[in-house]
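Note: the block below is entry_37.pdb and it holds PDB, C-alpha atoms.
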MODEL        1
ATOM      1  CA  MET A   1       0.000   0.000   0.000
ATOM      2  CA  LEU A   2       2.865   2.357   0.827
ATOM      3  CA  PRO A   3       4.572   2.129  -2.610
ATOM      4  CA  LEU A   4       1.232   2.888  -4.266
ATOM      5  CA  VAL A   5       0.825   6.043  -2.183
ATOM      6  CA  LEU A   6       4.375   7.045  -3.066
ATOM      7  CA  LEU A   7       3.675   6.694  -6.772
ATOM      8  CA  LEU A   8       0.572   8.838  -6.474
ATOM      9  CA  LEU A   9       2.438  11.573  -4.631
ATOM     10  CA  LEU A  10       5.272  11.548  -7.132
ATOM     11  CA  GLY A  11       2.806  11.661 -10.012
ATOM     12  CA  GLN A  12       1.154  14.773  -8.581
ATOM     13  CA  SER A  13       4.391  16.667  -8.039
ATOM     14  CA  GLN A  14       5.720  15.718 -11.497
ATOM     15  CA  ALA A  15       9.220  16.248 -10.110
ATOM     16  CA  LEU A  16      10.377  12.691 -10.781
ATOM     17  CA  ALA A  17       9.797  10.236 -13.569
ATOM     18  CA  ILE A  18       9.489   6.829 -11.938
ATOM     19  CA  THR A  19       9.719   4.104 -14.551
ATOM     20  CA  SER A  20      10.438   0.385 -14.356
ATOM     21  CA  GLY A  21      14.068   0.863 -15.334
ATOM     22  CA  HIS A  22      14.887  -2.519 -13.814
ATOM     23  CA  CYS A  23      17.303  -5.070 -15.220
ATOM     24  CA  GLN A  24      18.175  -8.580 -14.121
ATOM     25  CA  LYS A  25      21.711  -9.688 -13.505
ATOM     26  CA  ASN A  26      23.194 -13.056 -12.626
ATOM     27  CA  ILE A  27      25.678 -12.882  -9.793
ATOM     28  CA  SER A  28      27.752 -15.529  -8.017
ATOM     29  CA  VAL A  29      27.212 -15.812  -4.288
ATOM     30  CA  LYS A  30      29.674 -17.555  -2.045
ATOM     31  CA  TYR A  31      28.338 -19.246   1.051
ATOM     32  CA  GLN A  32      29.475 -21.815   3.613
ATOM     33  CA  VAL A  33      27.849 -25.131   4.470
ATOM     34  CA  PRO A  34      28.477 -26.817   7.831
ATOM     35  CA  LEU A  35      29.646 -30.453   7.478
ATOM     36  CA  THR A  36      30.143 -33.013  10.216
ATOM     37  CA  ARG A  37      33.461 -34.833  10.277
ATOM     38  CA  THR A  38      34.787 -37.632  12.459
ATOM     39  CA  ARG A  39      38.279 -37.938  13.802
ATOM     40  CA  LEU A  40      40.099 -40.259  16.158
ATOM     41  CA  VAL A  41      41.246 -38.785  19.430
ATOM     42  CA  ASN A  42      42.858 -41.042  22.113
ATOM     43  CA  ASN A  43      41.523 -44.125  20.370
ATOM     44  CA  ALA A  44      38.026 -42.627  20.501
ATOM     45  CA  SER A  45      35.926 -41.227  17.695
ATOM     46  CA  GLU A  46      35.098 -37.537  17.943
ATOM     47  CA  GLN A  47      32.836 -35.545  15.698
ATOM     48  CA  TYR A  48      33.498 -31.968  14.721
ATOM     49  CA  ILE A  49      32.059 -29.439  12.303
ATOM     50  CA  VAL A  50      33.851 -27.848   9.391
ATOM     51  CA  TYR A  51      32.567 -25.191   7.004
ATOM     52  CA  GLU A  52      32.913 -25.803   3.321
ATOM     53  CA  GLU A  53      32.680 -22.919   0.860
ATOM     54  CA  ARG A  54      30.332 -23.231  -2.076
ATOM     55  CA  VAL A  55      29.114 -20.996  -4.895
ATOM     56  CA  ARG A  56      25.618 -20.491  -6.211
ATOM     57  CA  TRP A  57      24.207 -18.277  -8.975
ATOM     58  CA  ASP A  58      21.391 -15.882  -8.089
ATOM     59  CA  THR A  59      19.345 -13.538 -10.273
ATOM     60  CA  VAL A  60      19.052 -10.072  -8.762
ATOM     61  CA  ARG A  61      16.853  -7.149  -9.803
ATOM     62  CA  MET A  62      18.669  -3.852 -10.145
ATOM     63  CA  CYS A  63      18.396  -0.492 -11.905
ATOM     64  CA  CYS A  64      19.500  -0.515 -15.536
ATOM     65  CA  PRO A  65      22.407   1.640 -16.756
ATOM     66  CA  GLY A  66      21.272   5.254 -16.937
ATOM     67  CA  TYR A  67      19.062   4.864 -13.860
ATOM     68  CA  ARG A  68      19.738   5.200 -10.156
ATOM     69  CA  THR A  69      18.100   3.631  -7.151
ATOM     70  CA  ILE A  70      15.938   5.812  -4.920
ATOM     71  CA  ILE A  71      13.715   4.991  -1.959
ATOM     72  CA  PHE A  72      11.870   1.660  -1.792
ATOM     73  CA  GLY A  73      13.967   0.295  -4.657
ATOM     74  CA  PHE A  74      12.423   2.487  -7.363
ATOM     75  CA  CYS A  75      14.576   3.531 -10.306
ATOM     76  CA  GLU A  76      14.924   7.121 -11.461
ATOM     77  CA  PRO A  77      16.385   8.103 -14.867
ATOM     78  CA  ILE A  78      19.566  10.158 -14.863
ATOM     79  CA  CYS A  79      20.056  13.283 -16.993
ATOM     80  CA  THR A  80      23.699  14.340 -16.910
ATOM     81  CA  GLU A  81      22.679  17.918 -17.752
ATOM     82  CA  ALA A  82      19.974  19.528 -15.638
ATOM     83  CA  CYS A  83      16.588  19.717 -17.353
ATOM     84  CA  PRO A  84      15.309  23.244 -18.113
ATOM     85  CA  ALA A  85      12.607  24.922 -16.081
ATOM     86  CA  HIS A  86       9.162  23.280 -16.082
ATOM     87  CA  SER A  87      10.521  19.936 -17.288
ATOM     88  CA  TYR A  88      11.734  16.683 -15.780
ATOM     89  CA  CYS A  89      13.972  13.765 -16.689
ATOM     90  CA  VAL A  90      11.752  11.105 -18.283
ATOM     91  CA  GLU A  91      14.472   8.849 -19.726
ATOM     92  CA  PRO A  92      18.270   8.808 -19.454
ATOM     93  CA  ASN A  93      19.454  12.153 -20.841
ATOM     94  CA  LYS A  94      15.981  13.002 -22.130
ATOM     95  CA  CYS A  95      13.813  15.773 -20.660
ATOM     96  CA  HIS A  96      10.069  16.205 -21.046
ATOM     97  CA  CYS A  97       7.928  19.298 -20.442
ATOM     98  CA  MET A  98       5.498  19.206 -17.544
ATOM     99  CA  ARG A  99       1.767  19.289 -18.063
ATOM    100  CA  GLY A 100       0.608  22.758 -19.123
ATOM    101  CA  TYR A 101       3.815  23.503 -21.041
ATOM    102  CA  GLU A 102       4.694  22.884 -24.675
ATOM    103  CA  HIS A 103       7.973  21.840 -26.250
ATOM    104  CA  SER A 104       9.982  24.494 -28.034
ATOM    105  CA  HIS A 105      13.634  25.105 -28.807
ATOM    106  CA  HIS A 106      16.042  27.967 -28.303
ATOM    107  CA  PRO A 107      16.211  30.106 -31.473
ATOM    108  CA  ASN A 108      20.025  30.056 -31.479
ATOM    109  CA  LYS A 109      20.476  26.576 -29.975
ATOM    110  CA  GLN A 110      18.125  24.143 -31.675
ATOM    111  CA  HIS A 111      19.187  21.248 -29.435
ATOM    112  CA  GLN A 112      18.298  23.149 -26.243
ATOM    113  CA  LEU A 113      14.791  22.413 -24.982
ATOM    114  CA  ILE A 114      12.510  25.227 -23.808
ATOM    115  CA  CYS A 115       9.152  24.594 -22.148
ATOM    116  CA  ARG A 116       6.719  27.393 -22.934
ATOM    117  CA  PRO A 117       3.590  27.854 -20.795
ATOM    118  CA  ILE A 118       0.209  27.270 -22.400
ATOM    119  CA  CYS A 119      -2.616  29.757 -21.791
ATOM    120  CA  GLN A 120      -5.889  28.451 -23.174
ATOM    121  CA  GLY A 121      -7.505  31.149 -25.351
ATOM    122  CA  GLY A 122      -4.433  33.387 -25.231
ATOM    123  CA  CYS A 123      -3.759  36.407 -23.028
ATOM    124  CA  PRO A 124      -5.443  39.858 -23.166
ATOM    125  CA  GLU A 125      -3.838  42.808 -24.938
ATOM    126  CA  HIS A 126      -0.538  44.085 -23.477
ATOM    127  CA  SER A 127      -0.014  40.888 -21.476
ATOM    128  CA  HIS A 128       1.835  37.612 -21.952
ATOM    129  CA  CYS A 129       1.673  34.040 -20.688
ATOM    130  CA  ILE A 130       4.042  33.374 -17.765
ATOM    131  CA  GLY A 131       2.606  30.059 -16.505
ATOM    132  CA  HIS A 132      -0.036  27.456 -17.252
ATOM    133  CA  ASN A 133      -3.205  29.548 -17.813
ATOM    134  CA  GLU A 134      -1.529  32.482 -16.037
ATOM    135  CA  CYS A 135      -1.146  35.859 -17.751
ATOM    136  CA  GLU A 136       0.759  38.935 -16.595
ATOM    137  CA  CYS A 137       0.927  42.513 -17.865
ATOM    138  CA  ARG A 138       3.970  43.283 -19.974
ATOM    139  CA  PRO A 139       6.659  45.646 -18.612
ATOM    140  CA  GLY A 140       5.421  49.219 -18.833
ATOM    141  CA  PHE A 141       1.800  48.201 -18.210
ATOM    142  CA  LYS A 142      -0.147  47.678 -14.980
ATOM    143  CA  ASP A 143      -3.124  45.568 -14.005
ATOM    144  CA  VAL A 144      -6.248  47.753 -13.737
ATOM    145  CA  SER A 145      -8.813  44.960 -13.585
ATOM    146  CA  SER A 146     -11.328  45.132 -10.733
ATOM    147  CA  TRP A 147     -11.440  42.558  -7.955
ATOM    148  CA  PHE A 148     -14.656  41.034  -9.279
ATOM    149  CA  SER A 149     -13.406  40.845 -12.885
ATOM    150  CA  MET A 150     -12.508  37.412 -14.233
ATOM    151  CA  SER A 151     -10.187  38.720 -16.951
ATOM    152  CA  LEU A 152      -6.922  40.638 -16.846
ATOM    153  CA  SER A 153      -6.888  44.259 -18.032
ATOM    154  CA  CYS A 154      -3.591  46.039 -18.664
ATOM    155  CA  GLU A 155      -3.070  49.791 -18.993
ATOM    156  CA  ARG A 156       0.115  51.686 -19.866
ATOM    157  CA  ILE A 157       1.863  53.193 -16.858
ATOM    158  CA  GLN A 158       1.842  57.004 -17.021
ATOM    159  CA  CYS A 159       4.803  58.820 -15.470
ATOM    160  CA  GLY A 160       5.179  62.510 -14.596
ATOM    161  CA  HIS A 161       6.411  65.098 -17.108
ATOM    162  CA  ASP A 162       9.953  64.926 -15.713
ATOM    163  CA  GLN A 163       9.954  61.134 -15.361
ATOM    164  CA  ARG A 164      10.230  58.096 -17.555
ATOM    165  CA  TYR A 165       9.437  54.420 -17.054
ATOM    166  CA  ASP A 166      12.500  52.221 -16.533
ATOM    167  CA  LEU A 167      11.914  48.655 -17.804
ATOM    168  CA  GLN A 168      14.700  47.156 -15.707
ATOM    169  CA  ARG A 169      13.638  48.789 -12.438
ATOM    170  CA  ARG A 170       9.942  48.581 -13.402
ATOM    171  CA  ALA A 171       9.329  51.988 -11.913
ATOM    172  CA  CYS A 172       9.041  55.650 -12.899
ATOM    173  CA  ILE A 173      12.360  57.415 -12.419
ATOM    174  CA  LYS A 174      13.417  61.024 -12.765
ATOM    175  CA  ILE A 175      14.894  61.910 -16.134
ATOM    176  CA  GLU A 176      18.614  62.513 -15.768
ATOM    177  CA  MET A 177      20.309  63.504 -19.012
ATOM    178  CA  SER A 178      24.013  63.367 -19.639
ATOM    179  CA  MET A 179      25.804  66.365 -21.137
ATOM    180  CA  GLU A 180      25.806  64.700 -24.572
ATOM    181  CA  GLU A 181      22.061  64.027 -24.395
ATOM    182  CA  LEU A 182      21.466  67.629 -23.246
ATOM    183  CA  MET A 183      23.538  69.085 -26.116
ATOM    184  CA  GLN A 184      21.724  66.813 -28.579
ATOM    185  CA  ARG A 185      18.353  67.946 -27.217
ATOM    186  CA  VAL A 186      19.414  71.633 -27.539
ATOM    187  CA  ALA A 187      20.668  71.060 -31.088
ATOM    188  CA  GLU A 188      17.359  69.444 -32.062
ATOM    189  CA  ARG A 189      15.390  72.378 -30.706
ATOM    190  CA  LEU A 190      17.654  74.867 -32.469
ATOM    191  CA  ALA A 191      17.263  72.979 -35.729
ATOM    192  CA  LYS A 192      13.478  73.039 -35.358
ATOM    193  CA  GLY A 193      13.643  76.798 -34.695
ATOM    194  CA  LEU A 194      15.707  77.424 -37.819
ATOM    195  CA  GLU A 195      13.336  75.362 -39.939
ATOM    196  CA  HIS A 196      10.429  77.375 -38.582
ATOM    197  CA  ASP A 197      12.167  80.693 -39.376
ATOM    198  CA  GLU A 198      12.989  79.598 -42.935
ATOM    199  CA  GLY A 199       9.405  78.655 -43.568
ATOM    200  CA  GLU A 200       7.929  82.046 -42.488
ATOM    201  CA  PRO A 201       7.528  84.775 -45.133
ATOM    202  CA  THR A 202       9.677  87.915 -44.687
ATOM    203  CA  THR A 203       7.851  91.090 -43.627
ATOM    204  CA  GLU A 204      10.580  93.521 -44.681
ATOM    205  CA  GLU A 205       9.889  95.573 -47.837
ATOM    206  CA  PRO A 206      12.507  95.351 -50.594
ATOM    207  CA  LEU A 207      14.676  98.419 -51.105
ATOM    208  CA  GLU A 208      13.906 100.526 -54.182
ATOM    209  CA  GLU A 209      16.637 100.865 -56.735
ATOM    210  CA  SER A 210      18.017 104.425 -57.048
ATOM    211  CA  LYS A 211      17.453 106.159 -60.336
ATOM    212  CA  ASP A 212      20.151 108.405 -61.683
TER     213      ASP A 212
ENDMDL
END
Could you express the structure from this file as structure tokens?
Amino acid sequence: MLPLVLLLLLGQSQALAITSGHCQKNISVKYQVPLTRTRLVNNASEQYIVYEERVRWDTVRMCCPGYRTIIFGFCEPICTEACPAHSYCVEPNKCHCMRGYEHSHHPNKQHQLICRPICQGGCPEHSHCIGHNECECRPGFKDVSSWFSMSLSCERIQCGHDQRYDLQRRACIKIEMSMEELMQRVAERLAKGLEHDEGEPTTEEPLEESKD
């Protein structure tokens, strides 16, 4: 009954992949057999016991290569490289995504497994799937859904006039410009001013040519 409970618990956690993984191996076992012997001592027979070594062949059940023994004699597959997040070792050196995640591969490393979360029906606008049927607002957006709403609603975060939203800090921070950025900003404004002046018609009257 106890091994059955263990299997159920392990199946729920999905942290281990318990498979048969058992192999049989013939091994030689040495053992001793007591034998009664008789000897003559002072013209009288005396019995004594000696132990004679013998060998027998037994079949033992053990974990196959690529598996290791865990509690209660179960065998667990071994993956020499750690499986990525949301996956587990299902066979020797083979990982499998957990339930609620789909198999994908790294764009630059095709052999590297990535387990992407599955959100049934997709996520609302300005949000993305971060877990099985779990959506989260993208950086720069905040959750404005009401407590009684069943769906996520994301709205862009508005910062003050002298602030900007920092994606790494995920917060509004005061705008601090370097000298190069300040000079570039001044140059842009001057250029816009010159373009505006060139586009306006002149109000000065042309000088009349003198007549001799």
Spatial neighbours of A:Glu125, max dist 10 Å, all atoms listed in the file, sep filter under 5 positions, as a count of residues only
6
List as a count of residues only the protein and nucleic acid residues near stretch 42-59 of chain A, meaning an atom at most 8 Å away when all atoms listed in the file are counted, but skip any in the same chain fewer than 4 places from it.
15
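Note that the spacing between atom CA of A:Leu167 and atom CA of A:Cys129 amounts to 18.1 Å.
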Go ahead and compute the interatomic distance for atom CA of A:His96 and atom CA of A:Cys119, in Å to one decimal.
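Atom CA of A:Cys119 lies at a distance of 18.6 Å from atom CA of A:His96.
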Quick one: everything within 8 Å of A:Met98, counting all atoms listed in the file, minus sequence neighbours fewer than 5 positions away in the same chain. Send it as a PyMOL selection string.
chain A and resi 14+86-88+115
Run through the PyMOL selection byres ((chain A and resi 140) around 7) on the given coordinates and return the selected residues as an NGL selection string.
:A and (138-139 or 141-142 or 156-157 or 165 or 167)
I need the chosen residues saved as a PDB file, in the frame of the given file, with C-alpha atoms.
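Written file, part18.pdb:
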ATOM      1  CA  ARG A 138       3.970  43.283 -19.974  1.00  0.00           C
ATOM      2  CA  PRO A 139       6.659  45.646 -18.612  1.00  0.00           C
ATOM      3  CA  PHE A 141       1.800  48.201 -18.210  1.00  0.00           C
ATOM      4  CA  LYS A 142      -0.147  47.678 -14.980  1.00  0.00           C
ATOM      5  CA  ARG A 156       0.115  51.686 -19.866  1.00  0.00           C
ATOM      6  CA  ILE A 157       1.863  53.193 -16.858  1.00  0.00           C
ATOM      7  CA  TYR A 165       9.437  54.420 -17.054  1.00  0.00           C
ATOM      8  CA  LEU A 167      11.914  48.655 -17.804  1.00  0.00           C
TER       9      LEU A 167
END
Spell out the residues picked by the PyMOL selection byres ((chain A and resi 133) around 7) here, as a count of residues only.
7
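In this model, the gap between atom CA of A:Cys97 and atom CA of A:Ile130 comes to 14.8 Å.
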Around the point (6.3, 64.6, -17.4), in the coordinates given by the file, pick out the residues reaching within 12 Å, counting all atoms listed in the file, and return them as a PyMOL selection string.
chain A and resi 158-165+172-175
